[in-house]
$ cat my_file_18.cif   # mmCIF, C-alpha atoms
data_input
#
loop_
_atom_site.label_atom_id
_atom_site.label_comp_id
_atom_site.auth_asym_id
_atom_site.auth_seq_id
_atom_site.Cartn_x
_atom_site.Cartn_y
_atom_site.Cartn_z
CA MET A 1 -53.40 -55.74 -20.26
CA ARG A 2 -57.17 -56.13 -20.22
CA SER A 3 -59.23 -53.03 -19.50
CA VAL A 4 -62.63 -52.30 -18.07
CA ARG A 5 -64.37 -48.93 -18.37
CA ALA A 6 -66.55 -47.32 -15.72
CA ALA A 7 -68.47 -44.07 -16.24
CA LEU A 8 -68.47 -42.01 -13.04
CA LEU A 9 -71.52 -39.82 -12.46
CA GLY A 10 -73.43 -38.13 -9.69
CA PHE A 11 -74.64 -34.85 -8.26
CA PRO A 12 -72.29 -31.86 -7.85
CA ASN A 13 -70.19 -32.07 -4.67
CA SER A 14 -71.07 -35.74 -4.13
CA GLY A 15 -67.35 -36.55 -3.94
CA LYS A 16 -66.80 -37.97 -7.44
CA SER A 17 -63.46 -36.28 -7.98
CA THR A 18 -62.29 -37.05 -4.44
CA LEU A 19 -63.15 -40.71 -4.99
CA LEU A 20 -61.35 -40.80 -8.33
CA ASN A 21 -58.27 -39.21 -6.81
CA LYS A 22 -58.33 -41.62 -3.85
CA MET A 23 -58.56 -44.68 -6.11
CA ALA A 24 -55.68 -43.39 -8.21
CA GLY A 25 -53.60 -42.53 -5.17
CA ARG A 26 -52.92 -39.04 -6.52
CA LYS A 27 -54.73 -36.07 -7.98
CA ILE A 28 -56.16 -36.51 -11.49
CA SER A 29 -59.31 -34.38 -11.19
CA ILE A 30 -60.08 -31.07 -9.51
CA ALA A 31 -61.89 -31.60 -6.20
CA THR A 32 -63.34 -28.51 -4.45
CA HIS A 33 -66.56 -27.49 -2.77
CA LYS A 34 -67.59 -25.38 -5.78
CA ALA A 35 -70.24 -27.17 -7.86
CA GLN A 36 -69.66 -28.23 -11.48
CA THR A 37 -65.86 -27.69 -11.44
CA THR A 38 -65.17 -30.77 -13.57
CA ARG A 39 -65.82 -29.02 -16.87
CA ALA A 40 -65.06 -31.87 -19.29
CA PRO A 41 -64.59 -35.66 -19.10
CA ILE A 42 -61.30 -36.57 -17.46
CA LEU A 43 -59.93 -40.12 -17.75
CA GLY A 44 -58.27 -41.76 -14.79
CA VAL A 45 -56.37 -44.95 -15.63
CA LEU A 46 -56.02 -47.20 -12.58
CA GLU A 47 -54.36 -50.57 -12.25
CA HIS A 48 -55.40 -53.34 -9.88
CA ASP A 49 -54.53 -57.05 -9.88
CA GLY A 50 -53.12 -56.94 -13.39
CA ARG A 51 -56.14 -55.17 -14.92
CA ARG A 52 -56.61 -51.61 -16.04
CA VAL A 53 -59.69 -49.71 -14.84
CA ILE A 54 -60.48 -46.68 -17.00
CA VAL A 55 -62.74 -44.23 -15.18
CA SER A 56 -64.36 -41.35 -17.05
CA ASP A 57 -65.32 -38.51 -14.74
CA THR A 58 -68.17 -36.29 -16.01
CA PRO A 59 -69.74 -33.01 -14.83
CA GLY A 60 -72.31 -33.42 -12.08
CA ILE A 61 -76.03 -33.95 -12.62
CA ASN A 62 -77.99 -30.70 -12.38
CA SER A 63 -80.67 -31.16 -9.70
CA ARG A 64 -82.35 -27.80 -10.25
CA ALA A 65 -86.07 -27.81 -10.99
CA GLY A 66 -86.77 -28.25 -14.68
CA LYS A 67 -83.29 -29.58 -15.47
CA TYR A 68 -82.95 -32.63 -13.25
CA ALA A 69 -84.69 -35.23 -15.43
CA SER A 70 -82.97 -34.23 -18.67
CA SER A 71 -79.52 -33.93 -17.08
CA ALA A 72 -79.91 -37.32 -15.36
CA GLU A 73 -80.87 -38.96 -18.66
CA ARG A 74 -77.99 -37.24 -20.43
CA ALA A 75 -75.44 -38.28 -17.78
CA VAL A 76 -76.58 -41.91 -17.90
CA GLY A 77 -76.64 -41.82 -21.69
CA MET A 78 -73.05 -40.54 -21.81
CA GLY A 79 -71.95 -43.61 -19.89
CA LEU A 80 -73.69 -46.28 -21.91
CA ASP A 81 -70.56 -47.04 -23.95
CA ALA A 82 -68.74 -48.05 -20.75
CA ASP A 83 -68.76 -51.46 -19.05
CA ALA A 84 -70.49 -50.14 -15.93
CA LEU A 85 -72.04 -47.02 -14.42
CA LEU A 86 -70.47 -45.88 -11.16
CA VAL A 87 -72.97 -43.59 -9.42
CA VAL A 88 -71.77 -41.55 -6.44
CA ILE A 89 -74.41 -40.38 -3.95
CA ASP A 90 -73.67 -37.93 -1.13
CA ALA A 91 -75.09 -39.80 1.85
CA ALA A 92 -74.79 -36.66 3.99
CA ARG A 93 -76.71 -34.48 1.55
CA LYS A 94 -79.28 -32.22 3.22
CA ASN A 95 -82.38 -30.76 1.61
CA ALA A 96 -81.93 -33.27 -1.21
CA PRO A 97 -84.35 -33.19 -4.16
CA ALA A 98 -86.46 -36.20 -4.99
CA ASP A 99 -84.20 -38.74 -6.70
CA LYS A 100 -86.86 -40.31 -8.90
CA PRO A 101 -85.50 -38.97 -12.26
CA LEU A 102 -82.05 -40.46 -11.62
CA GLU A 103 -83.49 -43.72 -10.27
CA GLU A 104 -85.63 -44.14 -13.39
CA ALA A 105 -82.71 -43.40 -15.72
CA LEU A 106 -80.52 -45.96 -13.93
CA ARG A 107 -83.17 -48.69 -13.98
CA ALA A 108 -83.44 -48.22 -17.75
CA ALA A 109 -79.69 -48.61 -18.27
CA SER A 110 -78.50 -51.67 -20.18
CA LEU A 111 -75.29 -52.27 -18.22
CA PRO A 112 -74.23 -52.94 -14.60
CA VAL A 113 -74.97 -50.13 -12.15
CA LEU A 114 -72.78 -49.65 -9.07
CA ILE A 115 -74.19 -47.34 -6.40
CA VAL A 116 -71.67 -45.66 -4.09
CA LEU A 117 -72.99 -44.04 -0.91
CA ASN A 118 -70.20 -41.63 -0.07
CA LYS A 119 -69.40 -39.66 3.12
CA ILE A 120 -70.68 -42.42 5.39
CA ASP A 121 -68.48 -41.04 8.18
CA LEU A 122 -70.94 -38.11 8.41
CA VAL A 123 -74.19 -40.11 8.58
CA PRO A 124 -75.90 -41.92 11.52
CA ARG A 125 -76.10 -45.68 11.00
CA GLN A 126 -79.91 -45.85 10.88
CA SER A 127 -80.15 -43.12 8.25
CA LEU A 128 -77.48 -44.85 6.20
CA LEU A 129 -79.26 -48.20 6.28
CA ALA A 130 -82.51 -46.60 5.14
CA MET A 131 -80.72 -44.86 2.28
CA ALA A 132 -79.00 -48.09 1.27
CA ALA A 133 -82.33 -49.91 1.16
CA ARG A 134 -83.80 -47.29 -1.16
CA TRP A 135 -80.84 -47.06 -3.56
CA SER A 136 -80.35 -50.84 -3.72
CA SER A 137 -83.31 -50.95 -6.12
CA CYS A 138 -81.08 -49.19 -8.68
CA VAL A 139 -78.34 -51.82 -8.54
CA MET A 140 -78.69 -53.37 -11.97
CA GLY A 141 -77.07 -56.06 -14.10
CA SER A 142 -74.50 -58.75 -13.52
CA GLY A 143 -71.72 -57.08 -11.55
CA GLY A 144 -73.97 -54.39 -10.10
CA ALA A 145 -73.46 -53.68 -6.40
CA LEU A 146 -73.93 -51.10 -3.65
CA PHE A 147 -70.95 -49.74 -1.71
CA MET A 148 -70.86 -47.58 1.41
CA LEU A 149 -67.58 -45.71 1.80
CA SER A 150 -65.77 -42.49 2.58
CA ALA A 151 -63.72 -41.15 -0.31
CA LYS A 152 -62.12 -38.61 2.03
CA THR A 153 -60.77 -41.15 4.54
CA GLY A 154 -60.40 -44.00 2.04
CA ASP A 155 -62.56 -46.38 4.09
CA GLY A 156 -64.12 -48.88 1.67
CA VAL A 157 -62.41 -47.50 -1.45
CA GLY A 158 -60.18 -50.56 -1.86
CA ASP A 159 -63.19 -52.88 -2.00
CA LEU A 160 -64.74 -50.75 -4.73
CA LEU A 161 -61.57 -50.74 -6.84
CA ALA A 162 -61.24 -54.53 -6.48
CA HIS A 163 -64.85 -54.98 -7.63
CA LEU A 164 -64.34 -52.67 -10.61
CA SER A 165 -61.22 -54.51 -11.75
CA ALA A 166 -63.11 -57.82 -11.67
CA LEU A 167 -65.95 -56.63 -13.93
CA LYS A 168 -66.31 -58.15 -17.38
CA SER A 169 -65.33 -55.94 -20.29
CA ARG A 170 -67.70 -55.68 -23.25
CA GLY A 171 -64.91 -54.71 -25.64
CA ALA A 172 -61.25 -55.19 -26.43
CA SER A 173 -58.41 -53.75 -24.37
CA LEU A 174 -58.35 -49.98 -24.66
CA ALA A 175 -54.64 -49.43 -24.85
CA MET A 176 -54.92 -45.91 -26.25
CA GLU A 177 -56.63 -44.38 -23.20
CA GLU A 178 -54.33 -42.02 -21.33
CA GLU A 179 -54.46 -39.89 -18.22
CA MET A 180 -54.66 -36.12 -18.22
CA PRO A 181 -51.52 -34.49 -19.68
CA ARG A 182 -49.16 -33.10 -17.05
CA GLU A 183 -49.64 -29.50 -18.23
CA ALA A 184 -53.40 -29.79 -17.82
CA LEU A 185 -52.97 -31.42 -14.41
CA ALA A 186 -50.84 -28.48 -13.25
CA ALA A 187 -53.49 -26.10 -14.57
CA GLU A 188 -56.20 -28.01 -12.68
CA ILE A 189 -54.25 -27.64 -9.44
CA THR A 190 -53.96 -23.87 -9.83
CA ARG A 191 -57.63 -23.57 -10.76
CA GLU A 192 -58.57 -25.55 -7.65
CA LYS A 193 -56.57 -23.19 -5.42
CA LEU A 194 -58.20 -20.22 -7.13
CA TYR A 195 -61.67 -21.61 -6.38
CA LEU A 196 -60.80 -22.44 -2.80
CA ARG A 197 -59.66 -18.85 -2.29
CA LEU A 198 -62.44 -17.04 -4.18
CA HIS A 199 -65.23 -19.61 -4.56
CA ASP A 200 -68.12 -17.15 -4.05
CA GLU A 201 -66.68 -14.40 -6.20
CA ILE A 202 -65.63 -15.93 -9.55
CA PRO A 203 -67.64 -17.80 -12.21
CA TYR A 204 -67.36 -21.47 -13.14
CA GLN A 205 -65.95 -20.63 -16.58
CA THR A 206 -62.52 -19.62 -15.30
CA VAL A 207 -59.65 -20.90 -17.47
CA VAL A 208 -56.08 -21.66 -16.42
CA GLU A 209 -53.45 -22.32 -19.11
CA THR A 210 -49.98 -23.77 -18.66
CA ASP A 211 -47.90 -21.69 -21.09
CA LEU A 212 -44.48 -23.05 -20.16
CA TRP A 213 -43.26 -26.37 -18.76
CA GLU A 214 -39.50 -26.36 -18.38
CA GLU A 215 -37.40 -29.01 -16.64
CA ARG A 216 -34.23 -27.31 -15.43
CA PRO A 217 -30.75 -28.89 -15.17
CA ASP A 218 -30.89 -28.72 -11.36
CA GLY A 219 -33.94 -31.01 -11.40
CA SER A 220 -36.47 -28.30 -10.62
CA LEU A 221 -39.54 -27.48 -12.67
CA ALA A 222 -40.36 -24.01 -14.02
CA LEU A 223 -43.97 -23.29 -14.94
CA LYS A 224 -45.68 -20.25 -16.33
CA GLN A 225 -49.46 -20.16 -16.17
CA THR A 226 -52.14 -17.69 -17.22
CA ILE A 227 -55.41 -17.34 -15.34
CA ARG A 228 -58.05 -16.06 -17.76
CA LEU A 229 -61.13 -14.45 -16.23
CA ARG A 230 -64.26 -13.01 -17.82
CA ARG A 231 -64.26 -9.56 -16.23
CA GLU A 232 -61.85 -6.91 -15.03
CA SER A 233 -63.53 -7.04 -11.60
CA HIS A 234 -62.64 -10.74 -11.35
CA LYS A 235 -59.03 -9.93 -12.23
CA ILE A 236 -58.83 -7.39 -9.41
CA LEU A 237 -60.18 -9.98 -6.95
CA ALA A 238 -57.77 -12.69 -8.13
CA ILE A 239 -54.74 -10.42 -7.73
CA GLY A 240 -55.83 -8.87 -4.43
CA LYS A 241 -54.42 -5.88 -2.61
CA GLY A 242 -50.72 -5.63 -3.33
CA GLY A 243 -50.88 -8.98 -5.12
CA ARG A 244 -51.49 -10.85 -1.87
CA THR A 245 -54.31 -13.08 -3.13
CA LEU A 246 -52.41 -14.16 -6.23
CA ARG A 247 -49.32 -14.92 -4.14
CA ALA A 248 -51.38 -17.08 -1.77
CA ILE A 249 -52.91 -18.98 -4.71
CA GLY A 250 -49.46 -19.50 -6.22
CA GLU A 251 -47.94 -20.67 -2.96
CA ALA A 252 -50.72 -23.22 -2.39
CA ALA A 253 -50.53 -24.49 -5.98
CA ARG A 254 -46.72 -24.68 -5.89
CA ALA A 255 -46.75 -26.68 -2.64
CA GLU A 256 -49.11 -29.29 -4.09
CA MET A 257 -47.21 -29.49 -7.38
CA ARG A 258 -43.95 -29.94 -5.49
CA GLU A 259 -45.42 -32.94 -3.66
CA LEU A 260 -47.12 -34.38 -6.76
CA PHE A 261 -44.19 -34.02 -9.17
CA ALA A 262 -41.57 -34.80 -6.47
CA ARG A 263 -39.31 -31.86 -7.31
CA PRO A 264 -38.93 -28.14 -6.55
CA VAL A 265 -41.39 -26.03 -8.57
CA HIS A 266 -41.03 -22.42 -9.70
CA LEU A 267 -44.46 -21.08 -10.59
CA ASN A 268 -45.16 -17.78 -12.32
CA LEU A 269 -48.81 -16.72 -12.52
CA THR A 270 -50.32 -14.05 -14.77
CA VAL A 271 -53.96 -12.91 -14.66
CA ARG A 272 -55.71 -11.70 -17.81
CA VAL A 273 -59.25 -10.89 -18.88
CA ARG A 274 -60.24 -13.06 -21.84
CA LYS A 275 -62.07 -11.46 -24.73
CA LYS A 276 -63.64 -14.51 -26.31
CA ARG A 277 -64.21 -18.08 -25.19
CA GLY A 278 -62.36 -20.57 -27.38
CA ALA A 279 -64.05 -23.57 -28.92
CA ASN A 280 -61.44 -26.08 -27.79
CA THR A 281 -59.38 -26.70 -24.66
CA PRO A 282 -55.68 -27.39 -25.35
CA HIS A 283 -53.82 -30.04 -23.34
CA GLY A 284 -52.33 -27.44 -21.01
CA MET A 285 -55.63 -25.79 -20.10
CA ALA A 286 -58.18 -26.35 -17.35
CA ARG A 287 -61.64 -24.84 -17.48
#

$ encode --input "my_file_18.cif" --output "structure tokens"
Amino acid sequence: MRSVRAALLGFPNSGKSTLLNKMAGRKISIATHKAQTTRAPILGVLEHDGRRVIVSDTPGINSRAGKYASSAERAVGMGLDADALLVVIDAARKNAPADKPLEEALRAASLPVLIVLNKIDLVPRQSLLAMAARWSSCVMGSGGALFMLSAKTGDGVGDLLAHLSALKSRGASLAMEEEMPREALAAEITREKLYLRLHDEIPYQTVVETDLWEERPDGSLALKQTIRLRRESHKILAIGKGGRTLRAIGEAARAEMRELFARPVHLNLTVRVRKKRGANTPHGMAR
């Protein structure tokens, strides 16, 4: 099967992970309202009309003063080995910084640039048309295009996937690319529920490890996971009074895993304070 690679980039909370999950039809990347939660590149392997679309999802561009230009250049540079750049813009973004650094980096790219204006369901038509006119100048290369869609509702996502699958590949079929291991996916789900519960009170560097993945004879799945936090105060928050917060996180994670893996799930969560940050992230870990 022929493959085409697209590098997915954009600002934090622009909807990159939601879009990736919607195109795949299931969760393959953590998607919350907490910025910079995609800590490392995650590959989503999609199939459409007999072609494989390999999407690499990268951490968001840092729009803070003094960091925007360098992070935009770095994000674009990380995607130059792909067949196209897929840039997600939050069309509903308020108090947005000037986009000139990203626009300049995209115009200098040597491959097709696809601009995706996301969250169009939240934007008045006139504002959307003005935004589309401005960003259309960044549509570059043969195969470049501008899409207006809503990753949350799915409106327009099918057209984008069809366009991606029709792009020309610059290299041979990449048969070795794989999706996120199941243990890491389960860890991502738990980490997402942790952020949704405590998003203003814990740091980005939280780690969740899947220590045990056991398929039982009755068809159910038994998982043991460890949430590793940087401080004792974070551990107290994650557990909550009488263990209520940790139970709520576990119940939410278990419900989503049950739907995703299509079987009953027994989930045991442990919270620990980590002493030292490891250099590598094993397959069963999300950070």

$ atom_distance --input "my_file_18.cif" --atom1 "CA of Ile54 (chain A)" --atom2 "CA of Leu146 (chain A)"
19.5 Å

$ closest_residue --input "my_file_18.cif" --among "A:Arg107, A:Ala253, A:Val88, A:Arg230" --to "Leu196 (chain A)" --atoms "all atoms listed in the file"
A:Ala253

$ closest_residue --input "my_file_18.cif" --among "A:Leu46, A:Ala92, A:Ala82, A:Leu260" --to "Ala109 (chain A)" --atoms "all atoms listed in the file"
A:Ala82

$ resolve_selection --input "my_file_18.cif" --expression "the PyMOL selection byres ((chain A and resi 168) around 8)" --output "VMD selection string"
chain A and resid 4 83 166 to 167 169 to 170

$ residues_around --input "my_file_18.cif" --residues "region 221-229 of chain A" --least-positions-apart "5" --cutoff "9 Å" --atoms "all atoms listed in the file" --output "PyMOL selection string"
chain A and resi 186-187+190-191+202-203+205-216+234-235+238+258+261+263-274

$ write_last_selection --input "my_file_18.cif" --atoms "C-alpha atoms" --output "PDB file, in the coordinates of the input"
ATOM      1  CA  ALA A 186     -50.840 -28.480 -13.250  1.00  0.00           C
ATOM      2  CA  ALA A 187     -53.490 -26.100 -14.570  1.00  0.00           C
ATOM      3  CA  THR A 190     -53.960 -23.870  -9.830  1.00  0.00           C
ATOM      4  CA  ARG A 191     -57.630 -23.570 -10.760  1.00  0.00           C
ATOM      5  CA  ILE A 202     -65.630 -15.930  -9.550  1.00  0.00           C
ATOM      6  CA  PRO A 203     -67.640 -17.800 -12.210  1.00  0.00           C
ATOM      7  CA  GLN A 205     -65.950 -20.630 -16.580  1.00  0.00           C
ATOM      8  CA  THR A 206     -62.520 -19.620 -15.300  1.00  0.00           C
ATOM      9  CA  VAL A 207     -59.650 -20.900 -17.470  1.00  0.00           C
ATOM     10  CA  VAL A 208     -56.080 -21.660 -16.420  1.00  0.00           C
ATOM     11  CA  GLU A 209     -53.450 -22.320 -19.110  1.00  0.00           C
ATOM     12  CA  THR A 210     -49.980 -23.770 -18.660  1.00  0.00           C
ATOM     13  CA  ASP A 211     -47.900 -21.690 -21.090  1.00  0.00           C
ATOM     14  CA  LEU A 212     -44.480 -23.050 -20.160  1.00  0.00           C
ATOM     15  CA  TRP A 213     -43.260 -26.370 -18.760  1.00  0.00           C
ATOM     16  CA  GLU A 214     -39.500 -26.360 -18.380  1.00  0.00           C
ATOM     17  CA  GLU A 215     -37.400 -29.010 -16.640  1.00  0.00           C
ATOM     18  CA  ARG A 216     -34.230 -27.310 -15.430  1.00  0.00           C
ATOM     19  CA  HIS A 234     -62.640 -10.740 -11.350  1.00  0.00           C
ATOM     20  CA  LYS A 235     -59.030  -9.930 -12.230  1.00  0.00           C
ATOM     21  CA  ALA A 238     -57.770 -12.690  -8.130  1.00  0.00           C
ATOM     22  CA  ARG A 258     -43.950 -29.940  -5.490  1.00  0.00           C
ATOM     23  CA  PHE A 261     -44.190 -34.020  -9.170  1.00  0.00           C
ATOM     24  CA  ARG A 263     -39.310 -31.860  -7.310  1.00  0.00           C
ATOM     25  CA  PRO A 264     -38.930 -28.140  -6.550  1.00  0.00           C
ATOM     26  CA  VAL A 265     -41.390 -26.030  -8.570  1.00  0.00           C
ATOM     27  CA  HIS A 266     -41.030 -22.420  -9.700  1.00  0.00           C
ATOM     28  CA  LEU A 267     -44.460 -21.080 -10.590  1.00  0.00           C
ATOM     29  CA  ASN A 268     -45.160 -17.780 -12.320  1.00  0.00           C
ATOM     30  CA  LEU A 269     -48.810 -16.720 -12.520  1.00  0.00           C
ATOM     31  CA  THR A 270     -50.320 -14.050 -14.770  1.00  0.00           C
ATOM     32  CA  VAL A 271     -53.960 -12.910 -14.660  1.00  0.00           C
ATOM     33  CA  ARG A 272     -55.710 -11.700 -17.810  1.00  0.00           C
ATOM     34  CA  VAL A 273     -59.250 -10.890 -18.880  1.00  0.00           C
ATOM     35  CA  ARG A 274     -60.240 -13.060 -21.840  1.00  0.00           C
TER      36      ARG A 274
END
